[in-house]
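A short write-up of the structure that comes next.
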2 protein chains.
Amino acid sequence: MKRYRGYILDLDGTLFRGDQAIPGAQFFVGQLRKKGIPHLYLTNNSSRTPGQVAEKLRRLGFPADAEQVFTSAQAAARLLTGKGDRPRVYAIGEEGLLSALQEAGCRLVQEKADAVVVGIDRQFCYDKLKRACLEIRAGARFVGTNGDRVIPSEEGLLPGNGSLCAAVAAASGVNPVFTGKPEPLIFRYALERLGTSPEETLVVGDNLETDIRGGRDAGMDTLLVFTGVTDPGDCHSSEIRPTHALEDLRDWNFF
Amino acid sequence: MKRYRGYILDLDGTLFRGDQAIPGAQFFVGQLRKKGIPHLYLTNNSSRTPGQVAEKLRRLGFPADAEQVFTSAQAAARLLTGKGDRPRVYAIGEEGLLSALQEAGCRLVQEKADAVVVGIDRQFCYDKLKRACLEIRAGARFVGTNGDRVIPSEEGLLPGNGSLCAAVAAASGVNPVFTGKPEPLIFRYALERLGTSPEETLVVGDNLETDIRGGRDAGMDTLLVFTGVTDPGDCHSSEIRPTHALEDLRDWNFF
């Protein structure tokens, strides 16, 4: 069986649920570290900065620093500044998105934007929707960090960024380019960061539709764990086939 | 040629544009009044009360009282209370919607709603979206006053209620039942109010996709005027055929 030289790891539902580490996950990441295997934490959540995500991981018992975290917000920032551009961006989002855009060299503006970037924003309102719509209709590019329509929470399923983007798309008549999972783009950026090739890298996640579909579409092997949103039944009825599937990370053998 | 006994009139783009009466429109409505032909002003705008709409009409030179106005908000209220029900309603909307619901006997609530009703709301925000989503997921019926994705304005095309409903639909996983044009429902309610049959009633409007489509689907003859959103080119490329089409209302002959 194949030995992977790089690992791309999903967070919620794979390593932890809410504020609780999932059994076996800490040992699993500890083994990656011990064996010196490069690994990257990859998240669709655009609201937190990599530093904040790393801090949460450490609090839950996972070794992590900010450079090992890559977010859909960073992917959006990378997409807009890849050629050394410093675009004018009208952003709807929280701290993780705004700081990712600024760090990459985007200029945050309220008008005459080259691009509108939308990430989850608990301060989303009609005036922001209106501004986004007018800017896109005036020619700005429309980028969404991720298309997840809902976010699981203790209160139930809450509106995710895909729902905010649905409003902007309806009002502007333009569909967004998404940068988060399952888009191959974010996996390509993750591989750049890891320094490994798709063939030698494994994507680990709990979501067949984002982690596994996206990893597969970016040319990587995949490991699905049943500790989050996807259960074995979903798996059988889907055309998406993970390379490996396990109850949880305790059963993984690094070979 | 047919002589109609009742007229259903669209407002914006048909009788006025912004704060300006369209040439011939005042004379046209004046003739209806003079000849004693019942007519009803029918609007998808849920933000104003019938009294406010009538006041604007009078200001622009059209004879009108509140009873001659019927809105998509009133259609939503009628739908929910038609059997004498007094449902618990979580409403997103402005004065026109809130007062229509209350006048019809709905109880406005923040939780445990039987129905979520969404109309245009310039105070729309994430918390309202979240509340709507949780209520619908808990079993509340989802009603949208109208599906118009944009509203023409002097600033350009602004987000309409269809865009707000797109966010709620994405987050809740449920599509709304719309009550405004082009839904036949609002035309049926309008006919009840007018007291005429579909066969003897004419729908007059500037929008092929809402006024003309809806009037046709409700079994009425239609008159399209080219003083608003639809131009003769749109008309030729559509499968929807108005019974009559005119440059403006100056050319209408009542026979």
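By convention here, the chains of the structure tokens are called A, B, ... in the order presented, each chain's residues are numbered starting at 1, and ligands are numbered starting at 1 in the order presented.
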| task | Could the residues of chain B within 6 Å of chain A, counting only C-alpha atoms, be given as an MDAnalysis selection string, please? | result | chainID B and resid 122 124:126 130 149:150 158:159 163:164 166:167 170:171
Write the residues of the preceding selection, restricted to N, CA and C atoms, as a CSV table (one decimal), in the first residue's frame.
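Output (result.csv):
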```
chain,number,residue,atom,x,y,z
B,122,ARG,N,-35.2,46.6,3.7
B,122,ARG,CA,-33.9,47.3,3.6
B,122,ARG,C,-33.1,47.2,4.9
B,124,PHE,N,-32.8,44.0,6.2
B,124,PHE,CA,-32.4,42.6,6.1
B,124,PHE,C,-31.0,42.4,6.6
B,125,CYS,N,-30.8,41.3,7.5
B,125,CYS,CA,-29.5,41.1,8.0
B,125,CYS,C,-29.3,39.6,8.3
B,126,TYR,N,-28.1,39.2,8.7
B,126,TYR,CA,-27.8,37.8,8.9
B,126,TYR,C,-28.7,37.2,10.0
B,130,LYS,N,-31.0,34.0,9.6
B,130,LYS,CA,-30.8,32.8,10.5
B,130,LYS,C,-32.1,32.4,11.1
B,149,ARG,N,-36.0,39.7,-8.6
B,149,ARG,CA,-34.7,39.7,-8.1
B,149,ARG,C,-34.0,41.0,-8.0
B,150,VAL,N,-34.5,42.0,-8.8
B,150,VAL,CA,-34.0,43.3,-8.7
B,150,VAL,C,-35.1,44.4,-8.8
B,158,LEU,N,-31.2,47.5,-8.0
B,158,LEU,CA,-30.9,47.1,-6.6
B,158,LEU,C,-31.5,45.8,-6.3
B,159,PRO,N,-31.0,45.1,-5.2
B,159,PRO,CA,-31.5,43.8,-4.8
B,159,PRO,C,-33.0,43.9,-4.5
B,163,SER,N,-34.0,38.2,-4.4
B,163,SER,CA,-32.6,38.0,-3.9
B,163,SER,C,-32.6,37.6,-2.5
B,164,LEU,N,-33.4,38.3,-1.6
B,164,LEU,CA,-33.5,37.9,-0.2
B,164,LEU,C,-34.0,36.5,-0.1
B,166,ALA,N,-33.7,34.1,-2.2
B,166,ALA,CA,-32.7,33.2,-2.7
B,166,ALA,C,-31.8,32.8,-1.5
B,167,ALA,N,-31.5,33.7,-0.7
B,167,ALA,CA,-30.6,33.4,0.5
B,167,ALA,C,-31.4,32.5,1.5
B,170,ALA,N,-31.7,29.0,0.0
B,170,ALA,CA,-30.4,28.3,0.1
B,170,ALA,C,-30.1,27.8,1.5
B,171,ALA,N,-30.4,28.6,2.5
B,171,ALA,CA,-30.0,28.3,3.8
B,171,ALA,C,-31.0,27.3,4.4
```
| request: Write out as a PyMOL selection string all residues of region 30-252 of chain B that DSSP puts in strand (DSSP E or B) for this structure's backbone. | output: chain B and resi 39-43+69-71+88-92+107-108+115-118+125+141-144+150-153+156-159+177-178+201-205+221-225+244-246
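In this comparison, which uses only C-alpha atoms, the residue of A:Ser197, A:Gln102, A:Thr49, A:Asn175 approaching Glu67 (chain A) most closely is A:Thr49.
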| request: Could you please write out, as a PyMOL selection string, every residue of region 104-226 of chain B that DSSP assigns to alpha helix (DSSP H)? | output: chain B and resi 126-137+161-172+184-194+213-217
| Selected residue, from A:Asp10, A:Asp114, A:Glu154, A:Asp251, that lies nearest to Thr222 (chain A) when counting only C-alpha atoms |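 Distance minimum relative to Thr222 (chain A) lands on A:Asp10.
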| query | Excluding same-chain residues fewer than 3 positions from Ala21 (chain B), what lies within 12 Å of it counting only C-alpha atoms, as a list in words? | reply |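 Once the adjacent positions are removed, what remains is Leu11, Asp12, Gly13, Thr14, Leu15, Phe16, Arg17, Gly18, Gly24, Ala25, Gln26, Phe27, Phe28, Val29, Lys56, Leu57, Arg58, Arg59, Leu60, Gly61, Phe62, Thr227, Asp248 and Leu249 of chain B.
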Written file, previous selection with C-alpha atoms, as a PDB file, in the first residue's frame:
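What follows is the written file out-v2.pdb:
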```
ATOM      1  CA  LEU B  11     -48.128  50.916 -11.479  1.00  0.00           C
ATOM      2  CA  ASP B  12     -44.391  51.515 -12.025  1.00  0.00           C
ATOM      3  CA  GLY B  13     -43.538  51.611 -15.736  1.00  0.00           C
ATOM      4  CA  THR B  14     -47.223  51.617 -16.686  1.00  0.00           C
ATOM      5  CA  LEU B  15     -48.786  54.645 -14.939  1.00  0.00           C
ATOM      6  CA  PHE B  16     -45.645  56.379 -13.690  1.00  0.00           C
ATOM      7  CA  ARG B  17     -41.875  56.179 -13.656  1.00  0.00           C
ATOM      8  CA  GLY B  18     -40.347  57.200 -10.335  1.00  0.00           C
ATOM      9  CA  GLY B  24     -51.600  59.488 -21.356  1.00  0.00           C
ATOM     10  CA  ALA B  25     -51.828  57.467 -18.157  1.00  0.00           C
ATOM     11  CA  GLN B  26     -53.816  60.057 -16.186  1.00  0.00           C
ATOM     12  CA  PHE B  27     -56.287  60.453 -19.029  1.00  0.00           C
ATOM     13  CA  PHE B  28     -56.592  56.667 -19.309  1.00  0.00           C
ATOM     14  CA  VAL B  29     -57.427  56.207 -15.614  1.00  0.00           C
ATOM     15  CA  LYS B  56     -48.700  58.526  -4.148  1.00  0.00           C
ATOM     16  CA  LEU B  57     -51.136  57.877  -7.001  1.00  0.00           C
ATOM     17  CA  ARG B  58     -53.249  60.905  -6.047  1.00  0.00           C
ATOM     18  CA  ARG B  59     -50.102  63.040  -5.772  1.00  0.00           C
ATOM     19  CA  LEU B  60     -49.230  62.066  -9.370  1.00  0.00           C
ATOM     20  CA  GLY B  61     -52.710  62.923 -10.590  1.00  0.00           C
ATOM     21  CA  PHE B  62     -54.460  59.550 -10.500  1.00  0.00           C
ATOM     22  CA  THR B 227     -43.263  52.500 -21.363  1.00  0.00           C
ATOM     23  CA  ASP B 248     -48.355  53.911 -24.431  1.00  0.00           C
ATOM     24  CA  LEU B 249     -51.823  54.304 -22.971  1.00  0.00           C
TER      25      LEU B 249
END
```
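Nearest residue to Gly6 (chain A), choosing from A:Thr201, A:Thr179, A:Gln52, A:Thr243 and counting only C-alpha atoms: A:Thr201.
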| request: Excluding His39 (chain B) and any residue of its chain fewer than 4 positions from it, enumerate the residues within 10 Å of it, using only C-alpha atoms, and give them as number ranges by chain. | output: B: 5-9, 29, 32-33, 64, 68-69, 190-191, 193-196, 201-203
| said: Need the shell around Leu79 (chain A): protein/DNA/RNA residues with any atom at most 10 Å away, counting only C-alpha atoms. Skip same-chain ones fewer than 3 positions apart. Format as a VMD selection string? | reply: chain A and resid 73 to 76 82 to 83 85 104 143 179 185 to 186 189
Env of Ser99 (chain A): 12 Å cut, atoms = only C-alpha atoms, seq-sep filter 6 positions within chain, self excluded. Answer as a compact mmCIF listing (two decimals) with N, CA and C atoms, in the first residue's frame.
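The result, written out as part28.txt:
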```txt
# COMPACT_ATOMS: atom_id res chain seq x y z
N SER A 46 -13.80 31.02 6.45
CA SER A 46 -13.03 32.23 6.10
C SER A 46 -13.05 33.25 7.23
N SER A 47 -13.73 32.95 8.33
CA SER A 47 -13.93 33.98 9.35
C SER A 47 -12.73 34.18 10.27
N ARG A 48 -11.91 33.14 10.43
CA ARG A 48 -10.77 33.25 11.33
C ARG A 48 -9.46 33.35 10.56
N THR A 49 -8.48 33.98 11.19
CA THR A 49 -7.14 34.06 10.59
C THR A 49 -6.42 32.73 10.82
N PRO A 50 -5.39 32.43 10.03
CA PRO A 50 -4.62 31.20 10.26
C PRO A 50 -4.08 31.13 11.69
N GLY A 51 -3.66 32.28 12.23
CA GLY A 51 -3.17 32.29 13.60
C GLY A 51 -4.24 31.87 14.60
N GLN A 52 -5.47 32.34 14.37
CA GLN A 52 -6.56 31.97 15.28
C GLN A 52 -6.93 30.49 15.15
N THR A 71 -6.66 28.72 4.44
CA THR A 71 -8.12 28.93 4.47
C THR A 71 -8.65 29.33 3.09
N ALA A 73 -10.28 31.86 2.55
CA ALA A 73 -10.04 33.30 2.41
C ALA A 73 -8.66 33.56 1.81
N GLN A 74 -7.67 32.79 2.25
CA GLN A 74 -6.33 32.93 1.67
C GLN A 74 -6.34 32.52 0.19
N ALA A 76 -8.82 32.88 -1.85
CA ALA A 76 -9.43 34.00 -2.59
C ALA A 76 -8.41 35.12 -2.78
N ALA A 77 -7.66 35.43 -1.72
CA ALA A 77 -6.66 36.49 -1.79
C ALA A 77 -5.57 36.12 -2.80
N ALA A 91 -15.06 43.87 0.05
CA ALA A 91 -15.16 42.60 0.76
C ALA A 91 -16.33 42.58 1.71
N GLY A 93 -17.28 40.13 4.74
CA GLY A 93 -16.68 39.02 5.47
C GLY A 93 -16.21 39.43 6.84
N GLY A 105 -2.08 41.92 -0.33
CA GLY A 105 -1.86 43.14 -1.11
C GLY A 105 -3.10 43.75 -1.72
N CYS A 106 -4.27 43.22 -1.38
CA CYS A 106 -5.50 43.82 -1.90
C CYS A 106 -5.77 45.14 -1.18
N ARG A 107 -6.39 46.08 -1.88
CA ARG A 107 -6.81 47.34 -1.26
C ARG A 107 -8.31 47.25 -1.00
N LEU A 108 -8.69 47.34 0.25
CA LEU A 108 -10.12 47.23 0.59
C LEU A 108 -10.79 48.57 0.35
```
| query | If you measure from CA of Arg241 (chain B) to CA of Gly36 (chain B), what distance in Å do you get, rounded to one decimal? | reply | 28.5 Å
| request: Could you please determine the separation between CA of Gly233 (chain B) and CA of Gly205 (chain B) in Å, to one decimal place? | output: 16.3 Å
| query | Which neighbours of Phe187 (chain A) fall inside 10 Å, counting only C-alpha atoms, when residues of the same chain fewer than 4 positions from it are skipped, and could you give them as a PyMOL selection string? | reply | chain A and resi 8+42+70+75+179-183+191-193+198+203+211+214-220
| said: For a test of reading the model, state the distance in Å between CA of Phe178 (chain A) and CA of Arg88 (chain A), rounded to one decimal. | reply: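 So the two atoms, CA of Phe178 (chain A) and CA of Arg88 (chain A), lie 18.4 Å apart.
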